[in-house]
$ cat work13.cif   # mmCIF, C-alpha atoms and all ligand atoms
data_work
loop_
_atom_site.label_atom_id
_atom_site.label_comp_id
_atom_site.auth_asym_id
_atom_site.auth_seq_id
_atom_site.Cartn_x
_atom_site.Cartn_y
_atom_site.Cartn_z
CA GLU A 1 54.91 -67.24 -4.61
CA CYS A 2 56.83 -66.10 -1.59
CA ASN A 3 56.55 -68.28 1.49
CA PHE A 4 59.07 -66.45 3.60
CA LYS A 5 58.46 -63.38 5.68
CA PRO A 6 61.27 -60.87 5.47
CA MET A 7 63.46 -60.86 8.55
CA ARG A 8 65.76 -58.04 9.39
CA GLN A 9 69.24 -59.18 8.44
CA ARG A 10 71.14 -59.73 11.64
CA GLU A 11 73.70 -56.93 11.69
CA VAL A 12 77.35 -57.60 12.30
CA LYS A 13 78.27 -55.98 15.60
CA PHE A 14 81.83 -55.03 16.37
CA VAL A 15 83.76 -55.03 19.63
CA ARG A 16 84.16 -51.26 19.37
CA SER A 17 80.41 -50.73 19.85
CA VAL A 18 80.13 -52.81 23.04
CA MET A 19 83.46 -52.24 24.77
CA THR A 20 83.70 -50.22 27.98
CA PRO A 21 86.55 -48.11 29.37
CA ALA A 22 89.40 -50.14 30.87
CA ILE A 23 90.69 -49.43 34.36
CA THR A 24 94.38 -50.26 34.24
CA ILE A 25 96.94 -50.87 36.99
CA GLU A 26 100.70 -51.41 37.07
CA PRO A 27 102.76 -54.49 37.97
CA GLU A 28 103.86 -52.70 41.17
CA THR A 29 100.26 -52.15 42.36
CA SER A 30 99.66 -54.13 45.56
CA VAL A 31 97.05 -56.89 45.68
CA ASP A 32 95.21 -54.88 48.37
CA GLU A 33 95.12 -51.77 46.19
CA ALA A 34 93.97 -53.77 43.14
CA SER A 35 91.09 -55.16 45.25
CA ARG A 36 90.12 -51.66 46.35
CA ILE A 37 90.10 -50.45 42.73
CA MET A 38 87.87 -53.36 41.64
CA ILE A 39 85.35 -52.55 44.37
CA GLN A 40 85.46 -48.81 43.82
CA LYS A 41 84.98 -49.14 40.07
CA GLY A 42 82.64 -52.15 40.21
CA VAL A 43 84.74 -54.22 37.81
CA ASN A 44 86.15 -57.74 37.86
CA HIS A 45 89.07 -57.25 35.47
CA LEU A 46 92.11 -54.97 35.56
CA PRO A 47 94.58 -54.99 32.65
CA VAL A 48 98.15 -54.48 33.87
CA VAL A 49 100.14 -51.95 31.86
CA LYS A 50 103.85 -51.06 31.87
CA ASP A 51 105.19 -48.16 29.78
CA GLY A 52 101.85 -48.03 27.99
CA ARG A 53 102.07 -51.68 26.93
CA LEU A 54 99.78 -54.50 28.11
CA VAL A 55 101.81 -56.93 30.26
CA GLY A 56 99.14 -58.83 32.16
CA ILE A 57 95.64 -59.04 33.58
CA VAL A 58 94.34 -59.41 37.14
CA THR A 59 90.78 -60.50 37.84
CA SER A 60 88.74 -60.91 41.00
CA TRP A 61 89.28 -64.64 40.49
CA ASP A 62 93.05 -64.01 40.81
CA ILE A 63 92.34 -62.12 44.03
CA ALA A 64 90.40 -65.13 45.34
CA LYS A 65 93.38 -67.26 44.31
CA ALA A 66 95.73 -64.93 46.19
CA VAL A 67 93.54 -65.37 49.27
CA ALA A 68 93.49 -69.16 48.84
CA THR A 69 97.29 -69.33 48.44
CA LYS A 70 98.05 -66.49 50.87
CA LYS A 71 99.97 -64.44 48.29
CA THR A 72 99.63 -60.78 49.03
CA GLY A 73 102.43 -58.79 47.47
CA ASN A 74 102.26 -56.97 44.15
CA VAL A 75 99.95 -57.86 41.30
CA ALA A 76 103.04 -58.87 39.29
CA GLU A 77 103.05 -62.03 41.44
CA ILE A 78 99.49 -63.03 40.69
CA MET A 79 98.72 -61.61 37.23
CA THR A 80 98.24 -63.71 34.11
CA ARG A 81 100.97 -62.72 31.66
CA LYS A 82 99.73 -64.31 28.43
CA VAL A 83 96.73 -62.08 27.81
CA ILE A 84 94.09 -62.94 25.22
CA THR A 85 92.99 -59.66 23.60
CA ALA A 86 90.41 -58.34 21.15
CA LEU A 87 90.66 -55.77 18.40
CA PRO A 88 88.09 -52.97 18.13
CA ASP A 89 87.14 -53.98 14.58
CA GLU A 90 86.59 -57.62 15.46
CA PRO A 91 83.02 -58.98 15.24
CA VAL A 92 81.57 -59.69 18.70
CA GLU A 93 81.13 -63.35 17.70
CA ILE A 94 84.91 -63.69 17.44
CA ALA A 95 85.37 -62.15 20.90
CA ALA A 96 82.71 -64.53 22.27
CA ARG A 97 84.51 -67.46 20.67
CA LYS A 98 87.84 -66.47 22.26
CA MET A 99 86.21 -66.23 25.68
CA GLU A 100 84.60 -69.64 25.22
CA LYS A 101 87.80 -71.26 23.94
CA HIS A 102 89.95 -69.96 26.78
CA ASN A 103 87.25 -70.13 29.44
CA ILE A 104 87.62 -66.45 30.34
CA SER A 105 85.10 -63.67 30.86
CA ALA A 106 86.83 -60.57 29.52
CA LEU A 107 89.29 -59.38 26.88
CA PRO A 108 91.29 -56.16 26.92
CA VAL A 109 90.73 -54.35 23.63
CA VAL A 110 94.06 -53.19 22.16
CA ASP A 111 95.10 -51.03 19.24
CA ALA A 112 97.81 -51.87 16.71
CA LYS A 113 100.47 -50.72 19.20
CA GLN A 114 99.19 -53.01 21.98
CA ARG A 115 97.85 -50.06 23.92
CA VAL A 116 94.71 -50.85 25.92
CA ILE A 117 91.76 -48.86 24.56
CA GLY A 118 88.91 -50.67 26.31
CA MET A 119 87.53 -53.85 27.76
CA VAL A 120 84.92 -56.29 26.49
CA THR A 121 83.34 -58.67 29.00
CA SER A 122 80.87 -61.54 28.82
CA GLU A 123 78.50 -59.17 30.64
CA ASP A 124 78.77 -56.73 27.71
CA LEU A 125 78.16 -59.54 25.22
CA SER A 126 75.20 -61.07 27.03
CA LYS A 127 73.49 -57.66 26.88
CA LEU A 128 73.26 -58.20 23.13
CA LEU A 129 70.60 -60.82 23.83
CA VAL A 130 68.41 -58.12 25.34
CA ARG A 131 66.38 -56.32 22.71
CA GLU B 1 58.57 -63.47 -7.06
CA CYS B 2 60.42 -64.12 -3.88
CA ASN B 3 63.06 -61.59 -2.91
CA PHE B 4 63.83 -62.95 0.51
CA LYS B 5 66.13 -65.80 1.32
CA PRO B 6 64.73 -68.06 3.99
CA MET B 7 66.36 -67.52 7.36
CA ARG B 8 66.14 -70.02 10.12
CA GLN B 9 63.65 -68.64 12.64
CA ARG B 10 65.60 -67.64 15.71
CA GLU B 11 64.63 -70.23 18.32
CA VAL B 12 63.64 -69.33 21.84
CA LYS B 13 66.31 -70.68 24.15
CA PHE B 14 65.60 -71.41 27.77
CA VAL B 15 67.79 -71.11 30.83
CA ARG B 16 67.54 -74.88 31.35
CA SER B 17 69.52 -75.54 28.17
CA VAL B 18 72.47 -73.27 29.05
CA MET B 19 72.72 -73.57 32.84
CA THR B 20 75.65 -75.34 34.49
CA PRO B 21 75.87 -77.20 37.82
CA ALA B 22 76.00 -74.92 40.86
CA ILE B 23 78.68 -75.34 43.51
CA THR B 24 77.05 -74.31 46.76
CA ILE B 25 78.50 -73.39 50.16
CA GLU B 26 77.04 -72.66 53.59
CA PRO B 27 76.90 -69.42 55.60
CA GLU B 28 79.44 -70.92 58.02
CA THR B 29 82.00 -71.58 55.26
CA SER B 30 85.09 -69.43 55.85
CA VAL B 31 86.14 -66.79 53.32
CA ASP B 32 89.43 -68.69 52.86
CA GLU B 33 87.62 -71.93 52.15
CA ALA B 34 85.21 -70.23 49.72
CA SER B 35 88.24 -68.83 47.84
CA ARG B 36 89.77 -72.30 47.66
CA ILE B 37 86.53 -73.77 46.31
CA MET B 38 86.31 -71.07 43.61
CA ILE B 39 89.86 -71.81 42.47
CA GLN B 40 89.48 -75.60 42.65
CA LYS B 41 86.23 -75.57 40.69
CA GLY B 42 87.15 -72.69 38.38
CA VAL B 43 84.03 -70.68 39.18
CA ASN B 44 83.37 -67.08 40.20
CA HIS B 45 80.00 -67.52 41.90
CA LEU B 46 78.95 -69.65 44.88
CA PRO B 47 75.31 -69.70 45.95
CA VAL B 48 75.01 -69.94 49.75
CA VAL B 49 72.48 -72.52 50.94
CA LYS B 50 71.04 -73.20 54.41
CA ASP B 51 68.72 -76.18 55.02
CA GLY B 52 68.41 -76.59 51.27
CA ARG B 53 67.21 -73.01 50.79
CA LEU B 54 69.08 -70.25 48.96
CA VAL B 55 70.13 -67.57 51.47
CA GLY B 56 72.87 -65.68 49.63
CA ILE B 57 75.57 -65.53 47.00
CA VAL B 58 79.32 -64.99 47.20
CA THR B 59 81.38 -64.08 44.15
CA SER B 60 85.08 -63.51 43.53
CA TRP B 61 84.17 -59.81 43.57
CA ASP B 62 83.03 -60.24 47.20
CA ILE B 63 86.35 -61.94 47.96
CA ALA B 64 88.17 -58.93 46.50
CA LYS B 65 85.93 -56.76 48.68
CA ALA B 66 86.82 -58.85 51.72
CA VAL B 67 90.51 -58.27 50.93
CA ALA B 68 89.94 -54.54 50.45
CA THR B 69 88.04 -54.22 53.72
CA LYS B 70 90.08 -56.84 55.61
CA LYS B 71 87.04 -58.97 56.48
CA THR B 72 88.03 -62.60 56.77
CA GLY B 73 85.50 -64.52 58.82
CA ASN B 74 82.63 -66.55 57.44
CA VAL B 75 80.93 -65.98 54.13
CA ALA B 76 77.79 -64.96 56.05
CA GLU B 77 79.61 -61.65 56.70
CA ILE B 78 80.33 -60.90 53.06
CA MET B 79 77.55 -62.59 51.06
CA THR B 80 74.80 -60.73 49.22
CA ARG B 81 71.51 -61.76 50.82
CA LYS B 82 68.98 -60.46 48.31
CA VAL B 83 69.69 -62.89 45.48
CA ILE B 84 68.35 -62.36 41.97
CA THR B 85 67.45 -65.79 40.54
CA ALA B 86 66.33 -67.39 37.31
CA LEU B 87 63.83 -70.15 36.60
CA PRO B 88 64.75 -73.07 34.33
CA ASP B 89 61.86 -72.33 31.97
CA GLU B 90 62.72 -68.68 31.56
CA PRO B 91 63.93 -67.49 28.12
CA VAL B 92 67.63 -66.61 28.15
CA GLU B 93 66.72 -63.05 27.10
CA ILE B 94 64.95 -62.56 30.42
CA ALA B 95 67.99 -63.83 32.33
CA ALA B 96 70.22 -61.48 30.31
CA ARG B 97 67.90 -58.58 31.10
CA LYS B 98 68.06 -59.30 34.84
CA MET B 99 71.86 -59.36 34.73
CA GLU B 100 71.95 -56.08 32.85
CA LYS B 101 69.45 -54.41 35.16
CA HIS B 102 71.27 -55.43 38.35
CA ASN B 103 74.83 -55.23 36.97
CA ILE B 104 75.58 -58.83 37.91
CA SER B 105 77.11 -61.68 35.95
CA ALA B 106 75.32 -64.77 37.24
CA LEU B 107 71.96 -66.01 38.49
CA PRO B 108 71.33 -69.11 40.58
CA VAL B 109 68.64 -71.19 38.88
CA VAL B 110 66.01 -72.29 41.40
CA ASP B 111 63.03 -74.62 41.33
CA ALA B 112 59.56 -73.84 42.72
CA LYS B 113 60.82 -74.68 46.22
CA GLN B 114 63.76 -72.24 46.01
CA ARG B 115 66.23 -75.10 45.80
CA VAL B 116 69.29 -74.31 43.68
CA ILE B 117 69.33 -76.53 40.58
CA GLY B 118 71.99 -74.74 38.55
CA MET B 119 73.72 -71.54 37.64
CA VAL B 120 73.50 -69.32 34.57
CA THR B 121 76.32 -66.86 33.96
CA SER B 122 77.02 -64.12 31.42
CA GLU B 123 79.75 -66.45 30.14
CA ASP B 124 77.09 -69.10 29.39
CA LEU B 125 74.94 -66.47 27.64
CA SER B 126 77.73 -64.96 25.55
CA LYS B 127 78.45 -68.45 24.19
CA LEU B 128 75.08 -68.19 22.43
CA LEU B 129 76.69 -65.63 20.10
CA VAL B 130 79.09 -68.31 18.88
CA ARG B 131 77.57 -70.37 16.09
C1 LIG C 201 77.13 -55.62 41.60
S1 LIG C 201 78.27 -56.82 41.01
C2 LIG C 201 79.52 -55.78 40.34
C3 LIG C 201 80.63 -56.52 39.63
C4 LIG C 201 80.26 -57.30 38.38
N1 LIG C 201 79.26 -56.70 37.58
C5 LIG C 201 79.86 -58.73 38.76
O1 LIG C 201 78.74 -59.14 38.47
O2 LIG C 201 80.69 -59.40 39.33
C6 LIG C 201 78.99 -57.52 42.40
C7 LIG C 201 78.03 -57.90 43.50
O3 LIG C 201 76.90 -58.52 42.96
C8 LIG C 201 76.51 -59.57 43.82
N2 LIG C 201 75.78 -60.55 43.01
C9 LIG C 201 76.24 -61.36 42.05
N3 LIG C 201 75.27 -62.15 41.56
C10 LIG C 201 74.14 -61.81 42.22
C11 LIG C 201 72.79 -62.26 42.15
N4 LIG C 201 72.40 -63.22 41.30
N5 LIG C 201 71.90 -61.70 42.99
C12 LIG C 201 72.27 -60.73 43.84
N6 LIG C 201 73.53 -60.26 43.96
C13 LIG C 201 74.46 -60.80 43.15
C14 LIG C 201 77.78 -60.12 44.38
O4 LIG C 201 77.56 -60.77 45.62
C15 LIG C 201 78.63 -58.87 44.50
O5 LIG C 201 78.53 -58.32 45.78
#

$ encode --input "work13.cif" --output "structure tokens"
Amino acid sequence: ECNFKPMRQREVKFVRSVMTPAITIEPETSVDEASRIMIQKGVNHLPVVKDGRLVGIVTSWDIAKAVATKKTGNVAEIMTRKVITALPDEPVEIAARKMEKHNISALPVVDAKQRVIGMVTSEDLSKLLVR
Amino acid sequence: ECNFKPMRQREVKFVRSVMTPAITIEPETSVDEASRIMIQKGVNHLPVVKDGRLVGIVTSWDIAKAVATKKTGNVAEIMTRKVITALPDEPVEIAARKMEKHNISALPVVDAKQRVIGMVTSEDLSKLLVR
């Protein structure tokens, strides 16, 4: 006799289905301009791109750091250069694990040529809890 | 005959079990000092408390906004005053829904007397995807 009610198999979700468009800037963008872009676009994370290739990331936390340390030149001075990224065909659990491991809240999504094709944030992932 | 493999019933998780300690500031705290506290403590969100009561919230996004608009006085000038909160005994799904609805990434957790007892962020929630 069957004692178990059928439960819908939890589907595997991929980064591609939850990612959002990335707003990118360049290393020469000023800290002031980067701040304006974050506010205008309502985002916390700006991947930094040079010649189409991902070279860094600037977040609103980095802006707060720039304020705290009175650095206000170009984003090249304040960006994080070793960027943790996600692939579009990666399960969301893997992206969540990377964020947890590195204590970060967003990953640029890149293609095989390291071009930025989107952004996945902890906000995007936490929406998956909402049915 | 039983065709279904038993699956562990998905437990209801409550905000209490995922919240982290809140770092609070006061309305008179300067924007510079708030930035320093964010960097020192590695957080993006600072609930603003006056006489033990929650009166606002300042995030690194607000700091970026302060840079963009060249406001650099006290946090009272830049904080959001209508704060969306969570209760410790609320299911995490409800907290996630509030974040989605208001496009925010953190909720101060308050007790019945509106005292801040913790913080729940989209980072905390996305960790629930990691098994
Ligand atoms: C609307 S969000 C947009 C950027 C991004 N979604 C985020 O959450 O950082 C930024 C604004 O939300 C405000 N905010 C953050 N958490 C809040 C909360 N729990 N209640 C009310 N406002 C909040 C911040 O003060 C900031 O001005």

$ interface_residues --input "work13.cif" --of "chain A" --to "chain B" --cutoff "7 Å" --atoms "only C-alpha atoms" --output "PyMOL selection string"
chain A and resi 1-2+4+6+32+35-36+39+44+60-61+63-65+67-68+93+96-97+100+105+122-123+125-127+129-130

$ residues_around --input "work13.cif" --residues "B:Val120" --least-positions-apart "4" --cutoff "7 Å" --atoms "all atoms listed in the file" --output "PyMOL selection string"
chain B and resi 18-20+106-109+124

$ closest_residue --input "work13.cif" --among "A:Ala112, A:Phe14, A:Ile117, A:Val48" --to "A:Glu77" --atoms "only C-alpha atoms"
A:Val48

$ atom_distance --input "work13.cif" --atom1 "atom CA of B:Glu90" --atom2 "atom C4 of ligand LIG 201 (chain C)"
22.0 Å

$ residues_around --input "work13.cif" --residues "B:Gln114" --least-positions-apart "4" --cutoff "10 Å" --atoms "all atoms listed in the file" --output "VMD selection string"
chain B and resid 52 to 55 85 87 108 to 110

$ closest_residue --input "work13.cif" --among "A:Val15, A:Lys41, A:Gly73, A:Pro27" --to "A:Ile57" --atoms "all atoms listed in the file"
A:Pro27

$ atom_distance --input "work13.cif" --atom1 "atom CA of A:Lys113" --atom2 "atom CA of A:Thr80"
19.9 Å

$ atom_distance --input "work13.cif" --atom1 "atom N1 of ligand LIG 201 (chain C)" --atom2 "atom CA of A:Ser17"
18.7 Å

$ closest_residue --input "work13.cif" --among "B:Val58, B:Asp89, B:Gly118, B:Val75" --to "ligand LIG 201 (chain C)" --atoms "only C-alpha atoms and all ligand atoms"
B:Val58

$ closest_residue --input "work13.cif" --among "B:Pro91, B:Val116, B:His102, B:Val83" --to "ligand LIG 201 (chain C)" --atoms "all atoms listed in the file"
B:Val83

$ build_atoms --input "work13.cif" --residues "stretch 116-127 of chain A" --atoms "all heavy atoms" --output "compact mmCIF listing (two decimals), in the frame of the given file"
# COMPACT_ATOMS: atom_id res chain seq x y z
N VAL A 116 96.06 -50.46 25.51
CA VAL A 116 94.71 -50.85 25.92
C VAL A 116 93.75 -49.69 25.67
O VAL A 116 93.93 -48.60 26.20
CB VAL A 116 94.69 -51.24 27.42
CG1 VAL A 116 93.28 -51.62 27.84
CG2 VAL A 116 95.67 -52.37 27.68
N ILE A 117 92.72 -49.93 24.86
CA ILE A 117 91.76 -48.86 24.56
C ILE A 117 90.36 -49.18 25.10
O ILE A 117 89.44 -48.38 24.95
CB ILE A 117 91.67 -48.58 23.04
CG1 ILE A 117 91.28 -49.86 22.27
CG2 ILE A 117 93.00 -48.04 22.53
CD1 ILE A 117 90.96 -49.59 20.81
N GLY A 118 90.21 -50.33 25.75
CA GLY A 118 88.91 -50.67 26.31
C GLY A 118 88.89 -52.08 26.83
O GLY A 118 89.94 -52.74 26.91
N MET A 119 87.71 -52.53 27.17
CA MET A 119 87.53 -53.85 27.76
C MET A 119 86.23 -54.40 27.22
O MET A 119 85.24 -53.65 27.11
CB MET A 119 87.41 -53.63 29.28
CG MET A 119 87.71 -54.79 30.12
SD MET A 119 89.45 -55.21 30.03
CE MET A 119 89.35 -56.81 30.79
N VAL A 120 86.20 -55.67 26.85
CA VAL A 120 84.92 -56.29 26.49
C VAL A 120 84.74 -57.53 27.37
O VAL A 120 85.65 -58.34 27.49
CB VAL A 120 84.83 -56.59 24.97
CG1 VAL A 120 85.93 -57.52 24.50
CG2 VAL A 120 83.46 -57.19 24.63
N THR A 121 83.59 -57.58 28.05
CA THR A 121 83.34 -58.67 29.00
C THR A 121 82.15 -59.51 28.54
O THR A 121 81.37 -59.10 27.69
CB THR A 121 83.02 -58.11 30.40
OG1 THR A 121 81.73 -57.48 30.34
CG2 THR A 121 84.05 -57.10 30.86
N SER A 122 82.03 -60.70 29.15
CA SER A 122 80.87 -61.54 28.82
C SER A 122 79.58 -60.84 29.26
O SER A 122 78.52 -61.07 28.68
CB SER A 122 80.98 -62.91 29.49
OG SER A 122 81.07 -62.78 30.88
N GLU A 123 79.68 -59.95 30.26
CA GLU A 123 78.50 -59.17 30.64
C GLU A 123 78.09 -58.24 29.49
O GLU A 123 76.90 -58.12 29.19
CB GLU A 123 78.78 -58.34 31.90
CG GLU A 123 78.78 -59.17 33.18
CD GLU A 123 79.02 -58.30 34.43
OE1 GLU A 123 78.14 -57.51 34.78
OE2 GLU A 123 80.10 -58.44 35.02
N ASP A 124 79.07 -57.59 28.86
CA ASP A 124 78.77 -56.73 27.71
C ASP A 124 78.12 -57.54 26.58
O ASP A 124 77.17 -57.08 25.94
CB ASP A 124 80.05 -56.07 27.16
CG ASP A 124 80.77 -55.23 28.20
OD1 ASP A 124 80.08 -54.63 29.04
OD2 ASP A 124 82.01 -55.18 28.17
N LEU A 125 78.66 -58.73 26.34
CA LEU A 125 78.16 -59.54 25.22
C LEU A 125 76.76 -60.08 25.50
O LEU A 125 75.92 -60.12 24.61
CB LEU A 125 79.13 -60.69 24.93
CG LEU A 125 80.52 -60.29 24.45
CD1 LEU A 125 81.33 -61.53 24.08
CD2 LEU A 125 80.45 -59.33 23.26
N SER A 126 76.51 -60.48 26.76
CA SER A 126 75.20 -61.07 27.03
C SER A 126 74.09 -60.00 26.94
O SER A 126 72.94 -60.33 26.71
CB SER A 126 75.18 -61.80 28.38
OG SER A 126 75.40 -60.91 29.43
N LYS A 127 74.48 -58.74 27.07
CA LYS A 127 73.49 -57.66 26.88
C LYS A 127 72.95 -57.63 25.46
O LYS A 127 71.87 -57.10 25.21
CB LYS A 127 74.13 -56.29 27.19
CG LYS A 127 74.29 -56.04 28.67
CD LYS A 127 75.01 -54.73 28.93
CE LYS A 127 75.41 -54.65 30.40
NZ LYS A 127 76.37 -53.57 30.66
